[in-house]
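structure-v7.cif follows (mmCIF, C-alpha atoms):
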data_run
#
loop_
_atom_site.label_atom_id
_atom_site.label_comp_id
_atom_site.auth_asym_id
_atom_site.auth_seq_id
_atom_site.Cartn_x
_atom_site.Cartn_y
_atom_site.Cartn_z
CA MET A 970 126.61 108.32 65.99
CA THR A 971 129.23 110.30 64.11
CA LEU A 972 130.61 113.78 64.26
CA PRO A 973 130.04 116.16 61.36
CA PRO A 974 133.02 115.90 58.99
CA LEU A 975 135.86 118.17 60.04
CA ALA A 976 137.00 120.24 57.07
CA ASP A 977 140.54 121.63 57.01
CA ARG A 978 139.13 125.10 57.58
CA ALA A 979 137.34 123.88 60.72
CA ILE A 980 140.63 122.96 62.40
CA VAL A 981 143.00 125.71 63.58
CA LEU A 982 146.24 124.56 65.15
CA ARG A 983 148.41 126.50 67.61
CA ALA A 984 146.36 129.68 67.36
CA ARG A 985 147.38 132.73 69.35
CA ALA A 986 144.64 134.30 71.46
CA ALA A 987 145.21 137.15 73.91
CA ASP A 988 142.11 136.33 75.97
CA TRP A 989 139.04 134.07 76.10
CA ARG A 990 137.01 136.28 73.77
CA GLU A 991 139.64 135.97 71.08
CA ALA A 992 139.87 132.21 71.63
CA VAL A 993 136.08 131.81 71.21
CA ARG A 994 136.18 134.17 68.22
CA ILE A 995 138.76 131.98 66.45
CA ALA A 996 136.51 128.93 66.99
CA GLY A 997 133.58 130.95 65.62
CA GLU A 998 135.55 132.13 62.58
CA ALA A 999 136.45 128.51 61.83
CA LEU A 1000 132.71 127.68 61.82
CA VAL A 1001 132.11 130.66 59.50
CA ASP A 1002 135.01 129.63 57.22
CA SER A 1003 133.63 126.12 56.93
CA GLY A 1004 130.24 127.51 55.93
CA CYS A 1005 128.29 126.43 59.00
CA ALA A 1006 127.54 129.74 60.68
CA THR A 1007 127.47 133.48 60.21
CA VAL A 1008 129.53 135.92 62.24
CA GLU A 1009 126.44 136.58 64.39
CA TYR A 1010 126.82 133.07 65.77
CA THR A 1011 130.33 133.93 66.98
CA ASP A 1012 128.92 136.97 68.77
CA ALA A 1013 126.21 134.78 70.32
CA MET A 1014 128.81 132.29 71.61
CA ILE A 1015 130.73 135.12 73.29
CA ARG A 1016 127.49 136.52 74.73
CA MET A 1017 126.72 133.15 76.36
CA VAL A 1018 129.86 133.51 78.47
CA GLU A 1019 129.26 137.19 79.18
CA ASP A 1020 125.75 136.35 80.36
CA HIS A 1021 126.39 133.13 82.28
CA GLY A 1022 130.10 132.97 83.10
CA PRO A 1023 132.84 130.54 82.05
CA TYR A 1024 130.69 127.40 82.36
CA ILE A 1025 131.62 126.40 78.78
CA VAL A 1026 134.96 125.24 80.21
CA ILE A 1027 133.43 121.83 80.84
CA ALA A 1028 136.62 119.87 81.51
CA PRO A 1029 140.23 120.65 82.42
CA GLY A 1030 141.72 122.50 79.45
CA LEU A 1031 138.65 122.35 77.20
CA ALA A 1032 136.00 124.95 76.33
CA LEU A 1033 132.86 123.97 74.41
CA ALA A 1034 131.80 127.22 72.72
CA HIS A 1035 128.22 127.18 71.49
CA ALA A 1036 124.99 129.14 71.29
CA ARG A 1037 121.39 128.34 70.48
CA PRO A 1038 120.28 127.02 67.10
CA GLY A 1039 118.87 129.83 64.96
CA ALA A 1040 119.20 131.89 61.82
CA ALA A 1041 122.95 132.31 62.37
CA VAL A 1042 123.50 128.56 61.89
CA ARG A 1043 123.66 127.26 58.31
CA CYS A 1044 124.58 123.63 58.91
CA ASP A 1045 125.54 121.26 61.70
CA GLY A 1046 129.20 121.79 62.31
CA LEU A 1047 132.13 121.60 64.61
CA SER A 1048 135.42 123.47 64.79
CA VAL A 1049 138.53 122.61 66.76
CA VAL A 1050 141.05 125.23 67.88
CA THR A 1051 144.25 124.44 69.73
CA LEU A 1052 145.98 127.33 71.48
CA ALA A 1053 149.72 128.00 71.30
CA GLU A 1054 149.51 129.55 74.76
CA PRO A 1055 146.84 128.44 77.26
CA VAL A 1056 144.13 131.03 77.97
CA GLU A 1057 142.33 131.77 81.25
CA PHE A 1058 138.53 131.80 81.05
CA GLY A 1059 138.06 132.47 84.77
CA HIS A 1060 136.81 128.95 85.56
CA ALA A 1061 137.29 127.78 89.15
CA HIS A 1062 138.56 124.29 88.29
CA ASN A 1063 139.21 123.78 84.61
CA ASP A 1064 141.49 126.69 83.61
CA PRO A 1065 143.67 127.24 81.65
CA VAL A 1066 142.10 126.31 78.31
CA ARG A 1067 144.20 124.70 75.57
CA VAL A 1068 141.43 123.42 73.28
CA VAL A 1069 138.30 125.29 72.14
CA ILE A 1070 135.56 123.31 70.38
CA GLY A 1071 133.04 125.40 68.44
CA LEU A 1072 129.66 123.74 68.04
CA ALA A 1073 126.85 124.84 65.71
CA GLY A 1074 123.61 122.94 65.23
CA VAL A 1075 120.58 123.72 63.10
CA ALA A 1076 118.26 121.99 65.58
CA PRO A 1077 118.65 120.84 69.19
CA ASP A 1078 118.53 117.17 68.15
CA ALA A 1079 121.47 117.60 65.80
CA HIS A 1080 123.41 119.15 68.65
CA LEU A 1081 122.68 116.14 70.78
CA ALA A 1082 124.01 113.67 68.20
CA ALA A 1083 127.20 115.72 67.88
CA VAL A 1084 127.70 116.08 71.64
CA ALA A 1085 127.19 112.34 72.13
CA ALA A 1086 130.01 111.75 69.67
CA LEU A 1087 132.14 114.38 71.43
CA ALA A 1088 131.52 112.62 74.74
CA ASN A 1089 132.68 109.35 73.19
CA ALA A 1090 135.96 110.94 72.18
CA PHE A 1091 136.65 113.05 75.28
CA ASN A 1092 135.47 110.66 78.01
CA ASP A 1093 138.96 109.29 77.47
CA SER A 1094 140.83 111.53 79.92
CA ALA A 1095 143.94 111.63 77.71
CA ALA A 1096 142.07 113.00 74.68
CA ILE A 1097 142.15 116.71 75.56
CA ALA A 1098 145.93 116.80 75.95
CA ALA A 1099 146.31 114.68 72.82
CA VAL A 1100 144.26 117.19 70.79
CA ALA A 1101 146.09 120.15 72.38
CA ASP A 1102 149.43 118.66 71.32
CA ALA A 1103 148.29 117.36 67.93
CA PRO A 1104 150.88 118.29 65.29
CA THR A 1105 148.56 117.97 62.30
CA ARG A 1106 144.87 118.19 61.36
CA GLU A 1107 144.97 114.48 60.58
CA ALA A 1108 146.06 113.79 64.16
CA VAL A 1109 143.10 115.83 65.47
CA ARG A 1110 140.68 113.92 63.23
CA ALA A 1111 142.13 110.59 64.35
CA ILE A 1112 141.50 111.42 68.02
CA LEU A 1113 137.96 112.69 67.42
CA GLU A 1114 137.05 109.80 65.15
CA ARG A 1115 137.62 107.43 68.02
CA SER A 1116 134.07 108.50 68.89
CA ASP A 1117 132.86 106.42 65.96
CA ARG A 1118 134.15 103.23 67.48
CA ALA A 1119 132.72 103.63 70.96
CA MET B 981 112.93 109.46 88.37
CA LYS B 982 113.68 112.59 86.41
CA ILE B 983 117.07 114.26 86.07
CA VAL B 984 117.50 117.65 84.39
CA THR B 985 120.81 118.95 83.02
CA ILE B 986 121.07 122.74 82.82
CA CYS B 987 123.28 125.08 80.79
CA GLY B 988 122.92 128.49 79.15
CA ALA B 989 121.56 127.31 75.82
CA GLY B 990 120.02 123.96 76.75
CA ILE B 991 122.23 122.24 74.19
CA GLY B 992 125.97 121.67 73.96
CA SER B 993 127.24 121.37 77.50
CA SER B 994 123.92 120.26 79.00
CA GLY B 995 123.81 117.75 76.14
CA ILE B 996 127.18 116.33 77.16
CA LEU B 997 125.89 116.01 80.73
CA LYS B 998 122.71 114.28 79.51
CA VAL B 999 124.61 111.77 77.40
CA ASN B 1000 127.08 110.95 80.16
CA ALA B 1001 124.41 110.85 82.89
CA GLU B 1002 122.49 108.29 80.82
CA ARG B 1003 125.64 106.19 80.48
CA VAL B 1004 126.32 106.34 84.22
CA LEU B 1005 122.71 105.47 85.11
CA GLN B 1006 122.86 102.45 82.84
CA ARG B 1007 126.12 101.38 84.47
CA LEU B 1008 124.55 101.77 87.92
CA GLY B 1009 121.45 99.88 86.82
CA LEU B 1010 119.18 102.86 87.55
CA GLU B 1011 116.21 104.02 85.51
CA ALA B 1012 115.67 107.73 84.96
CA THR B 1013 114.60 110.18 82.31
CA VAL B 1014 117.32 112.73 81.60
CA VAL B 1015 116.31 116.04 80.00
CA ALA B 1016 118.65 118.82 78.83
CA ALA B 1017 117.28 122.34 79.26
CA ASP B 1018 118.39 125.96 79.32
CA ILE B 1019 118.54 128.02 82.48
CA GLY B 1020 115.52 130.10 81.37
CA SER B 1021 113.23 127.08 81.44
CA VAL B 1022 114.57 125.40 84.59
CA ALA B 1023 111.56 126.26 86.77
CA ARG B 1024 109.17 124.60 84.30
CA VAL B 1025 111.30 121.65 83.19
CA ALA B 1026 112.68 120.78 86.63
CA ALA B 1027 109.41 121.20 88.58
CA ASP B 1028 109.07 117.40 88.89
CA ALA B 1029 112.80 116.53 88.84
CA GLN B 1030 114.67 114.77 91.63
CA VAL B 1031 118.12 115.88 90.52
CA ILE B 1032 119.51 118.86 88.61
CA LEU B 1033 123.00 118.49 87.13
CA THR B 1034 124.80 121.72 86.23
CA SER B 1035 127.86 123.96 86.58
CA ALA B 1036 128.60 126.17 89.58
CA GLU B 1037 127.73 129.23 87.45
CA PHE B 1038 124.03 128.29 87.35
CA VAL B 1039 123.36 127.34 90.97
CA GLU B 1040 122.24 130.80 92.01
CA ALA B 1041 120.06 131.27 88.93
CA ILE B 1042 118.36 127.90 89.50
CA GLY B 1043 117.16 129.28 92.84
CA ALA B 1044 114.78 127.50 95.17
CA THR B 1045 113.94 123.96 94.06
CA ARG B 1046 112.95 120.65 95.62
CA ALA B 1047 115.50 118.87 93.44
CA ASP B 1048 119.04 118.09 94.57
CA VAL B 1049 121.31 120.50 92.70
CA VAL B 1050 124.54 118.68 91.85
CA VAL B 1051 127.53 120.64 90.51
CA ILE B 1052 129.73 118.80 88.03
CA GLU B 1053 133.27 120.06 87.45
CA ASN B 1054 134.53 117.76 84.69
CA TYR B 1055 131.72 116.87 82.29
CA PHE B 1056 133.77 114.09 80.71
CA ASP B 1057 134.63 112.38 84.00
CA THR B 1058 132.00 109.68 84.30
CA ASP B 1059 133.51 108.59 87.64
CA GLU B 1060 132.79 112.03 89.15
CA LEU B 1061 129.29 111.92 87.68
CA SER B 1062 128.70 108.40 88.99
CA ARG B 1063 129.92 109.27 92.50
CA LYS B 1064 127.82 112.44 92.77
CA LEU B 1065 124.71 110.85 91.24
CA GLU B 1066 124.87 107.94 93.65
CA ILE B 1067 124.99 110.34 96.62
CA ALA B 1068 122.15 112.48 95.24
CA ILE B 1069 119.91 109.51 94.47
CA GLY B 1070 120.86 107.85 97.76
#

Represent the supplied structure as structure tokens.
Amino acid sequence: MTLPPLADRAIVLRARAADWREAVRIAGEALVDSGCATVEYTDAMIRMVEDHGPYIVIAPGLALAHARPGAAVRCDGLSVVTLAEPVEFGHAHNDPVRVVIGLAGVAPDAHLAAVAALANAFNDSAAIAAVADAPTREAVRAILERSDRA
Amino acid sequence: MKIVTICGAGIGSSGILKVNAERVLQRLGLEATVVAADIGSVARVAADAQVILTSAEFVEAIGATRADVVVIENYFDTDELSRKLEIAIG
């Protein structure tokens, strides 16, 4: 079970976001830049939080931005954004957010393969801080690729 | 036994919960079917479920159910998941 390959354009390091919407938008733009989604998908990811609250902050410091598969998704893809300054999403336990993962899947099954790989990487409790502090894209890939060995 | 994981889209975060719940169940030696679903289909999908795993944000929307609704704070913390699942399953 492997993650979709992480292109350079899918990794944004030390981004500056004024609020959670901007943080999610940067993750969405990285999916658009890597050819996996249209800008409508970014809007849909933001709408998920507007509709349901900050539940996408699924662990301390990490938001998993995603929306449903659909016409706005062009391929299975992942983006990783680290934030220069942590951002509050309004989550009761897991704020502030330092890492935003953008997830796009053509079909629900593809999502599940990608999330299983994400779980392999991030079930290690040190992984979120390691990604947040990663100095290079290579360092981010090295942490996420640990999922391939689990 | 049936366990349903709930999030807004029925993929992504509920998928993480499904994957990790399956790992924890295996570790505990328990057999269960784990299904990821979106909040819109919870009434149908969870009608015959014993446990619903979700975030605090969805508890109100899940509404009345015979299943135990278990709120998970850190989706990557399999110890939290294991502890709460053991209590829910009894």

> Selected by the PyMOL selection byres ((chain B) within 7 of (chain A)) in the shown coordinates: which residues, as a PyMOL selection string?
Replying inline: chain B and resi 988-989+991-993+995-996+999+1035+1037+1053-1057

> Expanded to explicit residues, what is the PyMOL selection byres ((chain A and resi 982) around 7) for this file, as a ChimeraX atom specification?
Replying inline: /A:980-981,983-984,1050-1052

With C-alpha atoms retained, could you export that selection as a PDB file, keeping the file's coordinate frame?
ATOM      1  CA  ILE A 980     140.630 122.960  62.400  1.00  0.00           C
ATOM      2  CA  VAL A 981     143.000 125.710  63.580  1.00  0.00           C
ATOM      3  CA  ARG A 983     148.410 126.500  67.610  1.00  0.00           C
ATOM      4  CA  ALA A 984     146.360 129.680  67.360  1.00  0.00           C
ATOM      5  CA  VAL A1050     141.050 125.230  67.880  1.00  0.00           C
ATOM      6  CA  THR A1051     144.250 124.440  69.730  1.00  0.00           C
ATOM      7  CA  LEU A1052     145.980 127.330  71.480  1.00  0.00           C
TER       8      LEU A1052
END

> Do you know which residues are at most 8 Å from segment 985-989 of chain A counting only C-alpha atoms, after dropping those on the same chain fewer than 2 positions away, and could you put them as a list in words?
Replying inline: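 In the requested format, the answer is Arg983, Glu991, Ala992, Val993, Leu1052, Ala1053, Glu1054, Val1056, Glu1057 and Phe1058 of chain A.
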
Output file for the residues above (C-alpha atoms, as a PDB file, in the coordinates of the input):
ATOM      1  CA  ARG A 983     148.410 126.500  67.610  1.00  0.00           C
ATOM      2  CA  GLU A 991     139.640 135.970  71.080  1.00  0.00           C
ATOM      3  CA  ALA A 992     139.870 132.210  71.630  1.00  0.00           C
ATOM      4  CA  VAL A 993     136.080 131.810  71.210  1.00  0.00           C
ATOM      5  CA  LEU A1052     145.980 127.330  71.480  1.00  0.00           C
ATOM      6  CA  ALA A1053     149.720 128.000  71.300  1.00  0.00           C
ATOM      7  CA  GLU A1054     149.510 129.550  74.760  1.00  0.00           C
ATOM      8  CA  VAL A1056     144.130 131.030  77.970  1.00  0.00           C
ATOM      9  CA  GLU A1057     142.330 131.770  81.250  1.00  0.00           C
ATOM     10  CA  PHE A1058     138.530 131.800  81.050  1.00  0.00           C
TER      11      PHE A1058
END

> Between atom CA of Thr1011 of chain A and atom CA of Ile995 of chain A, what is the spacing in Å?
Replying inline: 8.7 Å

For segment 1040-1043 of chain B: contacts at 12 Å, all atoms listed in the file, fewer than 3 positions along chain excluded, given as a tab-separated table (two decimals) with C-alpha atoms, keeping the file's coordinate frame:
chain	number	residue	atom	x	y	z
A	1020	ASP	CA	125.75	136.35	80.36
A	1021	HIS	CA	126.39	133.13	82.28
A	1022	GLY	CA	130.10	132.97	83.10
B	984	VAL	CA	117.50	117.65	84.39
B	985	THR	CA	120.81	118.95	83.02
B	986	ILE	CA	121.07	122.74	82.82
B	987	CYS	CA	123.28	125.08	80.79
B	988	GLY	CA	122.92	128.49	79.15
B	1017	ALA	CA	117.28	122.34	79.26
B	1018	ASP	CA	118.39	125.96	79.32
B	1019	ILE	CA	118.54	128.02	82.48
B	1020	GLY	CA	115.52	130.10	81.37
B	1021	SER	CA	113.23	127.08	81.44
B	1022	VAL	CA	114.57	125.40	84.59
B	1023	ALA	CA	111.56	126.26	86.77
B	1024	ARG	CA	109.17	124.60	84.30
B	1025	VAL	CA	111.30	121.65	83.19
B	1026	ALA	CA	112.68	120.78	86.63
B	1027	ALA	CA	109.41	121.20	88.58
B	1032	ILE	CA	119.51	118.86	88.61
B	1033	LEU	CA	123.00	118.49	87.13
B	1034	THR	CA	124.80	121.72	86.23
B	1035	SER	CA	127.86	123.96	86.58
B	1036	ALA	CA	128.60	126.17	89.58
B	1037	GLU	CA	127.73	129.23	87.45
B	1046	ARG	CA	112.95	120.65	95.62
B	1047	ALA	CA	115.50	118.87	93.44
B	1048	ASP	CA	119.04	118.09	94.57
B	1049	VAL	CA	121.31	120.50	92.70
B	1050	VAL	CA	124.54	118.68	91.85
B	1051	VAL	CA	127.53	120.64	90.51

> Which residues come within 12 Å of Arg1110 of chain A, counting all atoms listed in the file, excluding same-chain residues fewer than 2 positions away, as a list of chain:residue names?
Replying inline: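 Surrounding residues, per the criterion: A:Leu972, A:Pro973, A:Pro974, A:Leu975, A:Ala976, A:Asp977, A:Ala979, A:Ile980, A:Leu1047, A:Ser1048, A:Val1049, A:Leu1087, A:Ala1090, A:Ala1096, A:Ala1099, A:Val1100, A:Ala1103, A:Pro1104, A:Thr1105, A:Arg1106, A:Glu1107, A:Ala1108, A:Ile1112, A:Leu1113, A:Glu1114, A:Arg1115, A:Ser1116, A:Asp1117.
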
> If the PyMOL selection byres ((chain B and resi 1004) around 10) is run on the structure shown, which residues does it catch, given as a list in words?
Replying inline: Lys998, Val999, Asn1000, Ala1001, Glu1002, Arg1003, Leu1005, Gln1006, Arg1007, Leu1008, Gly1009, Leu1010, Thr1058, Asp1059, Glu1060, Leu1061, Ser1062, Arg1063, Leu1065 and Glu1066 of chain B

> Within 9 Å of segment 1040-1042 of chain A, counting only C-alpha atoms, which residues qualify if same-chain residues fewer than 6 places away don't, as a list in words?
Replying inline: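 Here the qualifying residues turn out to be Cys1005, Ala1006, Thr1007, Val1008, Glu1009, Tyr1010, Thr1011, Ala1013, Ala1073, Gly1074 and Val1075 of chain A.
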
> Could you state the separation of atom CA of Ser1003 of chain A and atom CA of Arg978 of chain A in Å, given to one decimal place?
Replying inline: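 So the answer is 5.6 Å.
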
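What separates atom CA of Ile1070 of chain A from atom CA of Leu1000 of chain A is a distance of 10.0 Å.
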